[in-house]
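Reproduced below: upload-v3.cif, with mmCIF, C-alpha atoms (C1' of nucleotides).
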data_model
loop_
_atom_site.label_atom_id
_atom_site.label_comp_id
_atom_site.auth_asym_id
_atom_site.auth_seq_id
_atom_site.Cartn_x
_atom_site.Cartn_y
_atom_site.Cartn_z
CA MET A 1 1.02 -19.93 31.29
CA ILE A 2 2.79 -19.32 28.05
CA GLU A 3 1.14 -16.51 26.20
CA ALA A 4 1.13 -17.07 22.47
CA ILE A 5 -0.11 -14.35 20.21
CA THR A 6 -1.31 -15.57 16.86
CA GLY A 7 -3.38 -14.25 14.00
CA PRO A 8 -5.99 -16.03 11.92
CA ASP A 9 -6.29 -19.76 11.53
CA ALA A 10 -4.48 -21.25 8.59
CA ALA A 11 -7.76 -21.79 6.76
CA GLU A 12 -8.65 -18.14 7.06
CA MET A 13 -5.48 -16.62 5.72
CA ASP A 14 -6.24 -14.26 2.89
CA LEU A 15 -3.87 -14.15 -0.05
CA VAL A 16 -4.22 -10.43 -0.62
CA THR A 17 -3.49 -9.77 3.04
CA VAL A 18 -0.50 -12.08 3.01
CA LEU A 19 0.92 -10.58 -0.16
CA ASN A 20 0.38 -7.13 1.22
CA ALA A 21 2.23 -8.09 4.37
CA LEU A 22 5.17 -9.26 2.29
CA ALA A 23 5.10 -6.30 -0.08
CA ASP A 24 7.18 -4.08 2.14
CA PRO A 25 10.97 -4.02 2.21
CA VAL A 26 11.23 -4.18 5.97
CA ARG A 27 8.68 -6.93 6.42
CA LEU A 28 10.02 -8.97 3.54
CA ALA A 29 13.52 -8.76 4.92
CA TYR A 30 12.17 -9.74 8.31
CA VAL A 31 10.45 -12.81 6.95
CA GLN A 32 13.53 -13.76 4.96
CA ALA A 33 15.69 -13.39 8.03
CA LEU A 34 13.22 -15.47 10.01
CA ALA A 35 13.25 -18.16 7.37
CA ARG A 36 17.01 -18.26 7.60
CA ALA A 37 17.14 -18.17 11.36
CA GLY A 38 14.84 -21.02 12.33
CA SER A 39 12.15 -20.92 14.96
CA TRP A 40 11.61 -18.69 17.95
CA VAL A 41 14.05 -15.93 17.39
CA TRP A 42 14.20 -12.94 19.67
CA CYS A 43 12.14 -10.49 17.71
CA GLY A 44 14.36 -7.50 18.41
CA GLU A 45 17.35 -9.24 16.96
CA VAL A 46 16.01 -10.54 13.70
CA LEU A 47 17.05 -7.59 11.60
CA LYS A 48 20.46 -7.31 13.22
CA ASP A 49 22.38 -8.89 10.37
CA THR A 50 20.59 -6.89 7.73
CA ASN A 51 21.23 -3.30 6.77
CA ILE A 52 17.79 -2.28 7.95
CA THR A 53 17.18 -0.02 10.89
CA VAL A 54 13.78 1.10 12.11
CA SER A 55 12.51 2.45 15.37
CA LYS A 56 10.94 0.22 17.97
CA SER A 57 7.46 1.48 17.23
CA THR A 58 7.86 0.93 13.52
CA LEU A 59 9.15 -2.58 14.04
CA SER A 60 6.29 -3.31 16.38
CA HIS A 61 3.89 -2.11 13.73
CA HIS A 62 5.43 -4.34 11.09
CA LEU A 63 5.37 -7.33 13.39
CA ARG A 64 1.71 -6.79 13.96
CA VAL A 65 1.02 -6.72 10.24
CA LEU A 66 2.90 -9.97 9.79
CA ARG A 67 1.13 -11.57 12.71
CA GLU A 68 -2.33 -10.45 11.66
CA ALA A 69 -1.70 -11.72 8.16
CA GLY A 70 -1.02 -15.10 9.69
CA LEU A 71 2.63 -15.29 8.79
CA THR A 72 4.14 -15.25 12.26
CA THR A 73 3.32 -16.08 15.82
CA THR A 74 4.75 -14.52 18.94
CA ARG A 75 5.65 -15.99 22.29
CA VAL A 76 6.19 -13.82 25.34
CA GLU A 77 9.04 -14.71 27.62
CA GLY A 78 9.92 -12.28 30.30
CA THR A 79 10.48 -8.86 28.85
CA ARG A 80 11.26 -10.27 25.46
CA ARG A 81 9.22 -11.68 22.67
CA PHE A 82 10.15 -14.48 20.42
CA VAL A 83 8.77 -14.77 16.97
CA SER A 84 8.44 -17.70 14.62
CA LEU A 85 7.25 -18.25 11.10
CA ARG A 86 4.10 -20.36 10.89
CA ARG A 87 5.79 -22.53 8.33
CA ASP A 88 3.35 -25.41 8.31
CA ASP A 89 0.28 -23.20 8.19
CA ILE A 90 1.74 -21.08 5.41
CA GLU A 91 2.77 -24.12 3.45
CA ALA A 92 -0.63 -25.70 3.88
CA ARG A 93 -2.44 -22.63 2.73
CA PHE A 94 -0.06 -21.24 0.12
CA PRO A 95 2.27 -24.01 -0.98
CA GLY A 96 5.63 -22.74 -2.17
CA LEU A 97 5.23 -19.25 -0.83
CA LEU A 98 7.95 -19.50 1.76
CA ASP A 99 10.37 -21.12 -0.65
CA LEU A 100 9.65 -18.43 -3.16
CA VAL A 101 10.22 -15.65 -0.69
CA SER A 102 13.29 -17.24 0.80
CA ALA A 103 14.87 -17.78 -2.59
CA ALA A 104 14.31 -14.18 -3.55
CA PRO A 105 17.09 -12.97 -5.78
CA THR A 106 19.22 -9.96 -4.87
CA PRO A 107 17.52 -8.70 -1.73
CA THR A 108 15.59 -5.61 -2.85
CA ARG A 109 18.56 -4.33 -4.79
CA GLY A 110 17.94 -5.01 -8.44
CA MET B 1 5.05 -2.56 -36.63
CA ILE B 2 3.57 -4.27 -33.63
CA GLU B 3 3.81 -2.03 -30.65
CA ALA B 4 4.53 -3.97 -27.50
CA ILE B 5 4.57 -2.21 -24.18
CA THR B 6 6.59 -4.00 -21.55
CA GLY B 7 8.06 -3.20 -18.18
CA PRO B 8 11.45 -4.19 -16.78
CA ASP B 9 13.56 -7.06 -18.02
CA ALA B 10 13.06 -10.34 -16.26
CA ALA B 11 16.36 -9.97 -14.47
CA GLU B 12 15.34 -6.65 -13.04
CA MET B 13 12.02 -7.59 -11.56
CA ASP B 14 11.89 -6.66 -7.93
CA LEU B 15 10.13 -8.99 -5.53
CA VAL B 16 8.71 -6.24 -3.37
CA THR B 17 7.34 -4.49 -6.43
CA VAL B 18 5.85 -7.71 -7.77
CA LEU B 19 4.26 -8.63 -4.46
CA ASN B 20 2.91 -5.14 -4.13
CA ALA B 21 1.40 -5.38 -7.59
CA LEU B 22 -0.35 -8.59 -6.57
CA ALA B 23 -1.43 -7.31 -3.16
CA ASP B 24 -4.57 -5.65 -4.43
CA PRO B 25 -7.90 -7.42 -4.91
CA VAL B 26 -8.50 -6.04 -8.38
CA ARG B 27 -5.01 -6.71 -9.66
CA LEU B 28 -4.84 -10.15 -8.11
CA ALA B 29 -8.16 -11.09 -9.69
CA TYR B 30 -6.91 -9.72 -12.97
CA VAL B 31 -3.77 -11.82 -12.89
CA GLN B 32 -5.74 -14.88 -11.88
CA ALA B 33 -8.18 -14.31 -14.72
CA LEU B 34 -5.27 -13.85 -17.10
CA ALA B 35 -3.68 -17.05 -15.91
CA ARG B 36 -6.93 -18.84 -16.60
CA ALA B 37 -7.55 -17.22 -19.94
CA GLY B 38 -4.30 -17.86 -21.76
CA SER B 39 -2.31 -15.35 -23.74
CA TRP B 40 -3.28 -12.11 -25.41
CA VAL B 41 -6.66 -11.41 -24.01
CA TRP B 42 -8.52 -8.23 -24.77
CA CYS B 43 -7.64 -6.19 -21.70
CA GLY B 44 -11.09 -4.69 -21.31
CA GLU B 45 -12.68 -8.10 -21.12
CA VAL B 46 -10.51 -9.86 -18.60
CA LEU B 47 -12.58 -9.03 -15.56
CA LYS B 48 -15.87 -9.78 -17.29
CA ASP B 49 -16.43 -13.13 -15.66
CA THR B 50 -15.51 -11.91 -12.22
CA ASN B 51 -17.68 -9.92 -9.87
CA ILE B 52 -15.33 -6.97 -10.06
CA THR B 53 -16.27 -3.69 -11.64
CA VAL B 54 -14.03 -0.67 -11.86
CA SER B 55 -14.00 2.38 -14.05
CA LYS B 56 -11.88 2.52 -17.17
CA SER B 57 -9.42 4.90 -15.59
CA THR B 58 -9.00 2.71 -12.54
CA LEU B 59 -8.46 -0.36 -14.66
CA SER B 60 -5.91 1.48 -16.76
CA HIS B 61 -4.09 2.44 -13.60
CA HIS B 62 -4.00 -1.15 -12.35
CA LEU B 63 -2.79 -2.41 -15.69
CA ARG B 64 0.07 0.01 -15.54
CA VAL B 65 1.06 -1.20 -12.09
CA LEU B 66 1.06 -4.79 -13.32
CA ARG B 67 3.02 -3.89 -16.42
CA GLU B 68 5.62 -1.83 -14.59
CA ALA B 69 6.10 -4.60 -12.09
CA GLY B 70 6.96 -6.85 -14.99
CA LEU B 71 3.99 -9.15 -14.70
CA THR B 72 2.24 -8.35 -17.95
CA THR B 73 2.92 -7.05 -21.39
CA THR B 74 0.57 -5.22 -23.68
CA ARG B 75 0.10 -5.35 -27.42
CA VAL B 76 -1.74 -2.63 -29.30
CA GLU B 77 -4.03 -3.73 -32.07
CA GLY B 78 -6.25 -1.13 -33.58
CA THR B 79 -8.25 0.58 -30.93
CA ARG B 80 -7.88 -2.30 -28.56
CA ARG B 81 -5.14 -3.58 -26.36
CA PHE B 82 -4.33 -7.15 -25.63
CA VAL B 83 -2.56 -8.18 -22.50
CA SER B 84 -0.61 -11.27 -21.63
CA LEU B 85 1.11 -12.63 -18.57
CA ARG B 86 4.89 -12.80 -18.94
CA ARG B 87 4.78 -16.38 -17.79
CA ASP B 88 8.28 -17.40 -18.72
CA ASP B 89 9.90 -14.31 -17.30
CA ILE B 90 7.95 -14.58 -14.07
CA GLU B 91 8.73 -18.26 -13.76
CA ALA B 92 12.40 -17.63 -14.43
CA ARG B 93 12.63 -14.91 -11.85
CA PHE B 94 10.23 -16.16 -9.19
CA PRO B 95 9.65 -19.86 -9.69
CA GLY B 96 6.29 -21.03 -8.48
CA LEU B 97 4.78 -17.59 -8.11
CA LEU B 98 2.22 -17.97 -10.85
CA ASP B 99 1.20 -21.41 -9.70
CA LEU B 100 0.81 -20.10 -6.20
CA VAL B 101 -1.30 -17.18 -7.27
CA SER B 102 -3.38 -19.23 -9.66
CA ALA B 103 -4.09 -21.87 -7.06
CA ALA B 104 -5.24 -19.27 -4.57
CA PRO B 105 -7.95 -20.69 -2.35
CA THR B 106 -11.35 -19.02 -2.06
CA PRO B 107 -10.90 -15.99 -4.30
CA THR B 108 -10.53 -13.08 -1.90
CA ARG B 109 -13.43 -14.33 0.15
CA GLY B 110 -11.91 -16.04 3.20
"C1'" DC C 1 11.24 0.00 46.08
"C1'" DG C 2 13.94 2.15 42.05
"C1'" DT C 3 16.06 1.25 37.70
"C1'" DA C 4 16.82 -1.01 33.35
"C1'" DT C 5 15.13 -3.61 29.42
"C1'" DT C 6 11.80 -4.62 25.97
"C1'" DG C 7 7.64 -3.75 23.35
"C1'" DT C 8 3.12 -1.66 22.68
"C1'" DT C 9 0.09 2.14 22.08
"C1'" DC C 10 -0.84 6.76 20.88
"C1'" DG C 11 -0.89 11.00 18.30
"C1'" DG C 12 1.04 13.20 14.40
"C1'" DC C 13 3.12 13.92 9.90
"C1'" DG C 14 4.08 13.36 5.01
"C1'" DT C 15 3.46 10.49 1.19
"C1'" DA C 16 1.37 6.85 -1.52
"C1'" DT C 17 -2.67 4.59 -3.17
"C1'" DG C 18 -7.30 3.48 -5.03
"C1'" DT C 19 -11.09 5.55 -6.88
"C1'" DC C 20 -13.73 8.34 -10.03
"C1'" DG C 21 -15.37 11.61 -13.91
"C1'" DA C 22 -14.04 14.56 -17.54
"C1'" DA C 23 -11.21 15.36 -21.21
"C1'" DA C 24 -7.87 13.92 -24.64
"C1'" DA C 25 -5.63 10.65 -27.85
"C1'" DG C 26 -5.51 7.30 -31.39
"C1'" DA C 27 -7.73 4.12 -34.68
"C1'" DC C 28 -11.39 2.69 -37.36
"C1'" DC C 29 -15.78 3.41 -40.21
"C1'" DG C 30 -19.01 5.89 -43.44
"C1'" DC D 1 -14.38 15.01 -42.15
"C1'" DG D 2 -17.58 13.50 -38.30
"C1'" DG D 3 -18.75 9.89 -35.23
"C1'" DT D 4 -17.69 5.77 -32.58
"C1'" DC D 5 -14.88 2.77 -29.85
"C1'" DT D 6 -11.20 1.96 -26.57
"C1'" DT D 7 -7.89 3.37 -23.47
"C1'" DT D 8 -4.82 6.95 -21.26
"C1'" DT D 9 -4.05 11.07 -18.89
"C1'" DC D 10 -5.39 14.59 -15.78
"C1'" DG D 11 -7.03 16.64 -11.64
"C1'" DA D 12 -9.27 15.73 -7.35
"C1'" DC D 13 -10.41 13.44 -3.17
"C1'" DA D 14 -10.54 10.26 0.73
"C1'" DT D 15 -8.14 6.80 2.81
"C1'" DA D 16 -4.27 3.90 4.00
"C1'" DC D 17 0.49 3.43 5.06
"C1'" DG D 18 5.16 3.95 6.90
"C1'" DC D 19 7.64 6.43 9.94
"C1'" DC D 20 8.90 8.58 14.30
"C1'" DG D 21 9.12 10.19 19.36
"C1'" DA D 22 6.91 10.17 23.71
"C1'" DA D 23 4.40 7.92 26.99
"C1'" DC D 24 2.85 3.68 29.00
"C1'" DA D 25 3.08 -1.29 30.47
"C1'" DA D 26 5.17 -5.48 31.95
"C1'" DT D 27 8.93 -7.93 33.54
"C1'" DA D 28 13.41 -8.52 35.57
"C1'" DC D 29 17.33 -7.13 38.60
"C1'" DG D 30 19.64 -5.33 42.95
#
As structure tokens - that is how I would like this structure written.
Amino acid sequence: MIEAITGPDAAEMDLVTVLNALADPVRLAYVQALARAGSWVWCGEVLKDTNITVSKSTLSHHLRVLREAGLTTTRVEGTRRFVSLRRDDIEARFPGLLDLVSAAPTPTRG
Amino acid sequence: MIEAITGPDAAEMDLVTVLNALADPVRLAYVQALARAGSWVWCGEVLKDTNITVSKSTLSHHLRVLREAGLTTTRVEGTRRFVSLRRDDIEARFPGLLDLVSAAPTPTRG
DNA sequence: CGTATTGTTCGGCGTATGTCGAAAAGACCG
DNA sequence: CGGTCTTTTCGACATACGCCGAACAATACG
């Protein structure tokens, strides 16, 4: 069976929690990269084309924050994990949020 | 002369900083109340019709975070201060952000 | 089976954050 | 000037957060 790890239902997403999840340079860049990359990206590869480097444990921590905020969902496939933005749920709950984040000007370098 | 205390220019607002400013229950409620109330509201009164109570020093701290993120500006008038959302600047820099925050479902009570 | 790959979990560490009360600052009123 | 009102600043404190390396777990490969 395909194991899918997901956080809260769309209706239970909390704005403060979501904003907090996005209010970190690493996580924001991750979400932006995900938005660019489409669905089900190998989670260890997402930050590859950014200038961000963190340890495995740190990345795992950030992915959990994103997941528990409701922003992403994870699918296990062999030894790897694939991650995807919950676009529809996010859009349903917080319309425009993903567009806003994706269109962010000058990635964290004012 | 009218003393106006303002944070960064619109062009220099940083998304992570802005999201971080909004990712706190008190500050989010404050911004939402401001969005509802219009411009130049007496800063000590903004949270009156919410169920939030914080000390003066804590509120002052939060107002500084909001101001330094670029979200609000403050005008001194006598012994009081009046605060206003920088709607145009926010909209120019992060289109849709204020609408998104204002339309937040179930105020911090998922 | 042994090894490699991929992530998670577990301490631990340093810093940031939210909170408060007390004190100070500035403006107004008598 | 003395008193009042409003807000900021100053410690102080507890907690949360981001980060890492080491150990563990689960799967795949030969």
>> One decimal, in Å: what's the spacing between CA of Ala21 (chain A) and CA of Ala21 (chain B)?
In response: 12.3 Å
>> Since I can't run it myself right now, could you work out what the PyMOL selection byres ((chain B) within 12 of (chain D)) selects here and report it as a ChimeraX atom specification?
In response: /B:42-45,55-61,63-64,76-82
Using all atoms listed in the file, I'd like a table of the residues in chain B that come within 9 Å of chain A; for each, show the closest atom pair and its distance in Å rounded to one decimal, ordered by chain and ascending number, as CSV.
residue,atom,partner,partner_atom,distance
B:Ala11,CA,A:Gly110,CA,8.0
B:Glu12,CA,A:Gly110,CA,5.5
B:Met13,CA,A:Gly110,CA,7.2
B:Asp14,CA,A:Gly110,CA,6.3
B:Leu15,CA,A:Ala104,CA,7.0
B:Val16,CA,A:Ala23,CA,4.9
B:Thr17,CA,A:Ala23,CA,7.0
B:Val18,CA,A:Ala23,CA,7.9
B:Leu19,CA,A:Ala23,CA,5.0
B:Asn20,CA,A:Ala23,CA,4.7
B:Ala21,CA,A:Ala23,CA,8.4
B:Leu22,CA,A:Leu19,CA,6.8
B:Ala23,CA,A:Asn20,CA,4.7
B:Asp24,CA,A:Val16,CA,6.1
B:Pro25,CA,A:Val16,CA,6.4
B:Leu28,CA,A:Val16,CA,7.5
B:Arg93,CA,A:Pro105,CA,7.8
B:Phe94,CA,A:Leu100,CA,6.5
B:Pro95,CA,A:Leu100,CA,6.7
B:Gly96,CA,A:Gly96,CA,6.6
B:Leu97,CA,A:Leu100,CA,7.0
B:Asp99,CA,A:Gly96,CA,8.8
B:Leu100,CA,A:Phe94,CA,6.5
B:Val101,CA,A:Leu15,CA,8.2
B:Ala103,CA,A:Phe94,CA,8.3
B:Ala104,CA,A:Leu15,CA,7.0
B:Pro105,CA,A:Arg93,CA,7.7
B:Thr106,CA,A:Asp14,CA,8.6
B:Pro107,CA,A:Leu15,CA,8.4
B:Thr108,CA,A:Asp14,CA,6.5
B:Arg109,CA,A:Asp14,CA,7.7
B:Gly110,CA,A:Glu12,CA,5.5
>> Residues of chain C within 10 Å of chain B, counting only C-alpha atoms (C1' of nucleotides), what are they? List them as number ranges by chain.
In response: C: 18-21, 26-28
> In Å to one decimal, how far is CA of Thr53 (chain A) from C1' of DT9 (chain C)?
Replying inline: 20.5 Å
> Skipping near chain neighbours, those fewer than 2 positions away, what residues fall within 12 Å of Val41 (chain A) using only C-alpha atoms (C1' of nucleotides), listed as number ranges by chain?
Replying inline: A: 30-31, 33-39, 43-48, 72-77, 80-85
May I have the residues from that selection written out with C-alpha atoms, as a PDB file, in the frame of the given file?
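As written to disk, result_5.pdb reads:
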ATOM      1  CA  TYR A  30      12.170  -9.740   8.310  1.00  0.00           C
ATOM      2  CA  VAL A  31      10.450 -12.810   6.950  1.00  0.00           C
ATOM      3  CA  ALA A  33      15.690 -13.390   8.030  1.00  0.00           C
ATOM      4  CA  LEU A  34      13.220 -15.470  10.010  1.00  0.00           C
ATOM      5  CA  ALA A  35      13.250 -18.160   7.370  1.00  0.00           C
ATOM      6  CA  ARG A  36      17.010 -18.260   7.600  1.00  0.00           C
ATOM      7  CA  ALA A  37      17.140 -18.170  11.360  1.00  0.00           C
ATOM      8  CA  GLY A  38      14.840 -21.020  12.330  1.00  0.00           C
ATOM      9  CA  SER A  39      12.150 -20.920  14.960  1.00  0.00           C
ATOM     10  CA  CYS A  43      12.140 -10.490  17.710  1.00  0.00           C
ATOM     11  CA  GLY A  44      14.360  -7.500  18.410  1.00  0.00           C
ATOM     12  CA  GLU A  45      17.350  -9.240  16.960  1.00  0.00           C
ATOM     13  CA  VAL A  46      16.010 -10.540  13.700  1.00  0.00           C
ATOM     14  CA  LEU A  47      17.050  -7.590  11.600  1.00  0.00           C
ATOM     15  CA  LYS A  48      20.460  -7.310  13.220  1.00  0.00           C
ATOM     16  CA  THR A  72       4.140 -15.250  12.260  1.00  0.00           C
ATOM     17  CA  THR A  73       3.320 -16.080  15.820  1.00  0.00           C
ATOM     18  CA  THR A  74       4.750 -14.520  18.940  1.00  0.00           C
ATOM     19  CA  ARG A  75       5.650 -15.990  22.290  1.00  0.00           C
ATOM     20  CA  VAL A  76       6.190 -13.820  25.340  1.00  0.00           C
ATOM     21  CA  GLU A  77       9.040 -14.710  27.620  1.00  0.00           C
ATOM     22  CA  ARG A  80      11.260 -10.270  25.460  1.00  0.00           C
ATOM     23  CA  ARG A  81       9.220 -11.680  22.670  1.00  0.00           C
ATOM     24  CA  PHE A  82      10.150 -14.480  20.420  1.00  0.00           C
ATOM     25  CA  VAL A  83       8.770 -14.770  16.970  1.00  0.00           C
ATOM     26  CA  SER A  84       8.440 -17.700  14.620  1.00  0.00           C
ATOM     27  CA  LEU A  85       7.250 -18.250  11.100  1.00  0.00           C
TER      28      LEU A  85
END
